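Okay, so here's the structure we're looking at.
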Amino acid sequence: SIQVPLTRMGSIAIDPKHRPYGVPVWLETRLPKDRTDHQGYATSLLTVTQDTGNAIRGPDRGDLFFGAGKDAGALAGMMKHPARWTVLIPRTLAERLSETQPEIFS
């Protein structure tokens, strides 16, 4: 959506009505090991909001890019786990926002 190549396990799709493109996000989630792994393993990833999709609607929705091909598609299809998002912004901006919009930090 922003005309850059997506990075396997490093790009996420978001709803651009609720999240801007190009923002680094630290994700804490569970990822499937293979196409039969419904439980997954705990991990953290540094990602960037770079894409969007028709099924991604709302501020708390995202889609991690697993890569291209059948194997990546199978893993992506298994991914149903919730994730904790930590949006990374410059400290000066965070300080300004915490003063003017404290509700976004709750």
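Residues in the structure tokens are named by chain (A, B, ... in the order shown) and by number from 1 within that chain; ligands are numbered from 1 in the order shown.
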**Request:** Would you list the contacts of Ala55 (chain A) as a list in words, taking every protein, DNA or RNA residue within 12 Å and counting only C-alpha atoms, but skipping same-chain residues closer than 3 positions in sequence?
**Result:** Ala13, Ile14, Asp15, Thr52, Gly58, Arg61, Gly62 and Asp63 of chain A
Residues of region 52-92 of chain A that have any atom at most 7 Å from an atom of region 18-38 of chain A: could you tabulate them with the shortest-distance atom pair and the distance in Å to one decimal, using only C-alpha atoms, ordered by chain and increasing number, as a Markdown table?
```
| residue | atom | partner | partner_atom | distance |
| --- | --- | --- | --- | --- |
| A:Gly58 | CA | A:His18 | CA | 6.4 |
| A:Pro59 | CA | A:His18 | CA | 5.0 |
| A:Ala74 | CA | A:Arg35 | CA | 5.5 |
| A:Leu75 | CA | A:Arg35 | CA | 5.4 |
| A:Met78 | CA | A:Arg35 | CA | 6.4 |
| A:Met79 | CA | A:Leu31 | CA | 6.6 |
| A:His81 | CA | A:Arg30 | CA | 6.1 |
| A:Pro82 | CA | A:Thr29 | CA | 6.3 |
| A:Ala83 | CA | A:Thr29 | CA | 4.5 |
| A:Arg84 | CA | A:Glu28 | CA | 5.1 |
| A:Trp85 | CA | A:Leu27 | CA | 5.0 |
| A:Thr86 | CA | A:Trp26 | CA | 5.0 |
| A:Val87 | CA | A:Val25 | CA | 4.5 |
| A:Leu88 | CA | A:Pro24 | CA | 5.5 |
```
Written file, previous selection with N, CA and C atoms, as a short mmCIF file (atom, residue, chain, number, x, y, z; two decimals), in the first residue's frame:
```
data_model
loop_
_atom_site.label_atom_id
_atom_site.label_comp_id
_atom_site.auth_asym_id
_atom_site.auth_seq_id
_atom_site.Cartn_x
_atom_site.Cartn_y
_atom_site.Cartn_z
N GLY A 58 -10.62 -1.64 11.84
CA GLY A 58 -10.60 -1.22 13.24
C GLY A 58 -9.20 -1.00 13.77
N PRO A 59 -9.10 -0.33 14.91
CA PRO A 59 -7.80 0.04 15.46
C PRO A 59 -7.01 -1.12 16.04
N ALA A 74 0.26 -21.12 4.45
CA ALA A 74 -0.25 -22.08 5.43
C ALA A 74 -0.02 -21.57 6.86
N LEU A 75 1.15 -21.01 7.12
CA LEU A 75 1.43 -20.45 8.45
C LEU A 75 0.54 -19.26 8.75
N MET A 78 -2.83 -20.22 9.85
CA MET A 78 -2.88 -20.75 11.21
C MET A 78 -2.86 -19.63 12.26
N MET A 79 -2.40 -18.46 11.87
CA MET A 79 -2.19 -17.36 12.82
C MET A 79 -3.52 -16.75 13.23
N HIS A 81 -3.70 -15.89 16.81
CA HIS A 81 -3.39 -15.51 18.17
C HIS A 81 -3.46 -14.00 18.37
N PRO A 82 -3.89 -13.58 19.55
CA PRO A 82 -3.85 -12.14 19.85
C PRO A 82 -2.40 -11.68 19.96
N ALA A 83 -2.21 -10.39 19.81
CA ALA A 83 -0.86 -9.80 19.92
C ALA A 83 -0.94 -8.52 20.75
N ARG A 84 0.11 -8.26 21.47
CA ARG A 84 0.24 -6.98 22.17
C ARG A 84 1.08 -6.08 21.29
N TRP A 85 0.55 -4.90 20.99
CA TRP A 85 1.23 -3.93 20.14
C TRP A 85 1.85 -2.84 21.01
N THR A 86 3.11 -2.55 20.78
CA THR A 86 3.74 -1.38 21.38
C THR A 86 4.22 -0.52 20.21
N VAL A 87 3.54 0.61 20.03
CA VAL A 87 3.88 1.53 18.94
C VAL A 87 5.07 2.36 19.39
N LEU A 88 6.11 2.40 18.57
CA LEU A 88 7.33 3.11 18.92
C LEU A 88 7.33 4.49 18.27
#
```
**Those of chain A in DSSP strand (DSSP E), formatted as a list in words** =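 So the strand (DSSP E) residues in chain A would be Ser11, Ile12, Ala13, Pro24, Val25, Trp26, Leu27, Glu28, Thr29, Arg30, Leu31, Tyr41, Ala42, Thr43, Ser44, Leu45, Leu46, Thr47, Val48, Thr49, Gln50, Asp51, Asp63, Leu64, Arg84, Trp85, Thr86 and Val87 of chain A.
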Expected file: the selected residues, N, CA and C atoms, as a compact mmCIF listing (two decimals), in the first residue's frame:
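Ended up saving to out-v6.txt:
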```txt
# COMPACT_ATOMS: atom_id res chain seq x y z
N SER A 11 6.70 -6.96 8.27
CA SER A 11 5.68 -6.00 7.80
C SER A 11 4.32 -6.42 8.33
N ILE A 12 3.53 -5.43 8.71
CA ILE A 12 2.16 -5.71 9.12
C ILE A 12 1.20 -4.83 8.34
N ALA A 13 0.04 -5.40 8.09
CA ALA A 13 -1.04 -4.66 7.45
C ALA A 13 -1.95 -4.13 8.55
N PRO A 24 6.94 1.98 13.34
CA PRO A 24 7.48 0.75 13.93
C PRO A 24 6.59 0.29 15.09
N VAL A 25 6.38 -1.03 15.13
CA VAL A 25 5.53 -1.62 16.17
C VAL A 25 6.24 -2.88 16.70
N TRP A 26 6.38 -2.95 18.01
CA TRP A 26 6.91 -4.14 18.66
C TRP A 26 5.72 -5.05 18.96
N LEU A 27 5.72 -6.26 18.38
CA LEU A 27 4.64 -7.21 18.58
C LEU A 27 5.07 -8.31 19.54
N GLU A 28 4.20 -8.62 20.49
CA GLU A 28 4.39 -9.77 21.36
C GLU A 28 3.20 -10.69 21.09
N THR A 29 3.49 -11.90 20.62
CA THR A 29 2.42 -12.80 20.19
C THR A 29 2.88 -14.24 20.25
N ARG A 30 2.09 -15.12 19.70
CA ARG A 30 2.45 -16.53 19.52
C ARG A 30 2.41 -16.79 18.02
N LEU A 31 3.40 -17.53 17.52
CA LEU A 31 3.47 -17.87 16.10
C LEU A 31 3.44 -19.38 15.92
N TYR A 41 4.22 -20.68 19.51
CA TYR A 41 5.25 -20.40 20.51
C TYR A 41 5.33 -18.90 20.73
N ALA A 42 5.66 -18.50 21.94
CA ALA A 42 5.74 -17.09 22.30
C ALA A 42 6.95 -16.45 21.63
N THR A 43 6.75 -15.25 21.10
CA THR A 43 7.85 -14.52 20.47
C THR A 43 7.54 -13.03 20.44
N SER A 44 8.55 -12.26 20.13
CA SER A 44 8.41 -10.81 19.93
C SER A 44 9.08 -10.45 18.62
N LEU A 45 8.50 -9.49 17.92
CA LEU A 45 9.01 -9.08 16.61
C LEU A 45 8.96 -7.57 16.47
N LEU A 46 9.96 -7.02 15.82
CA LEU A 46 9.91 -5.61 15.43
C LEU A 46 9.35 -5.56 14.02
N THR A 47 8.25 -4.85 13.84
CA THR A 47 7.58 -4.77 12.55
C THR A 47 7.33 -3.32 12.18
N VAL A 48 6.87 -3.10 10.94
CA VAL A 48 6.52 -1.76 10.46
C VAL A 48 5.17 -1.85 9.76
N THR A 49 4.30 -0.87 10.01
CA THR A 49 3.00 -0.83 9.35
C THR A 49 3.20 -0.41 7.90
N GLN A 50 2.99 -1.35 6.97
CA GLN A 50 3.31 -1.08 5.56
C GLN A 50 2.23 -1.48 4.58
N ASP A 51 1.15 -2.07 5.04
CA ASP A 51 0.17 -2.59 4.10
C ASP A 51 -1.21 -2.52 4.72
N ASP A 63 -2.32 -7.67 10.46
CA ASP A 63 -2.00 -8.91 9.77
C ASP A 63 -0.50 -8.94 9.50
N LEU A 64 0.18 -9.88 10.13
CA LEU A 64 1.62 -10.04 9.96
C LEU A 64 1.90 -10.72 8.63
N ARG A 84 0.11 -8.26 21.47
CA ARG A 84 0.24 -6.98 22.17
C ARG A 84 1.08 -6.08 21.29
N TRP A 85 0.55 -4.90 20.99
CA TRP A 85 1.23 -3.93 20.14
C TRP A 85 1.85 -2.84 21.01
N THR A 86 3.11 -2.55 20.78
CA THR A 86 3.74 -1.38 21.38
C THR A 86 4.22 -0.52 20.21
N VAL A 87 3.54 0.61 20.03
CA VAL A 87 3.88 1.53 18.94
C VAL A 87 5.07 2.36 19.39
```
**Prompt:** With only C-alpha atoms as the basis for distance, which of A:Gln101, A:Ile89, A:Leu6, A:Pro16 is at the shortest distance from Asp60 (chain A)?
**Reply:**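 Comparing A:Gln101, A:Ile89, A:Leu6, A:Pro16 against Asp60 (chain A), the winner is A:Pro16.
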**Request:** Calculate how many Å separate CA of Ile56 (chain A) from CA of Gly77 (chain A), rounding to one decimal.
**Result:** 14.5 Å
**Request:** For Gly67 (chain A), please output as a list in words all residues within 9 Å (counting only C-alpha atoms; exclusion window: fewer than 6 positions along the same chain).
**Result:**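 Residues meeting the cut-off are Leu6, Thr7, Arg8, Met9, Gly73 and Ala76 of chain A.
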**Request:** Determine which residues of chain A DSSP labels as alpha helix (DSSP H) from the backbone of this structure, then write them out as a PyMOL selection string.
**Result:** chain A and resi 70-78+91-100
Write a file of the just-selected residues containing C-alpha atoms, as a CSV table (one decimal), in the first residue's frame.
```csv
chain,number,residue,atom,x,y,z
A,70,LYS,CA,2.4,-22.0,-0.1
A,71,ASP,CA,4.3,-22.6,3.2
A,72,ALA,CA,4.0,-18.9,4.2
A,73,GLY,CA,0.3,-19.0,3.3
A,74,ALA,CA,-0.2,-22.1,5.4
A,75,LEU,CA,1.4,-20.5,8.5
A,76,ALA,CA,-0.5,-17.2,8.0
A,77,GLY,CA,-3.7,-19.2,7.8
A,78,MET,CA,-2.9,-20.7,11.2
A,91,ARG,CA,10.1,10.4,23.2
A,92,THR,CA,9.4,14.1,22.5
A,93,LEU,CA,6.3,13.2,20.6
A,94,ALA,CA,5.2,10.8,23.3
A,95,GLU,CA,5.7,13.5,26.0
A,96,ARG,CA,3.6,16.0,24.0
A,97,LEU,CA,0.9,13.5,23.3
A,98,SER,CA,0.7,12.4,27.0
A,99,GLU,CA,0.0,16.0,27.9
A,100,THR,CA,-2.6,16.7,25.2
```
**Asked** Which value, in Å to one decimal, gives the distance between CA of Arg57 (chain A) and CA of Gly10 (chain A)?
**Response** 20.1 Å
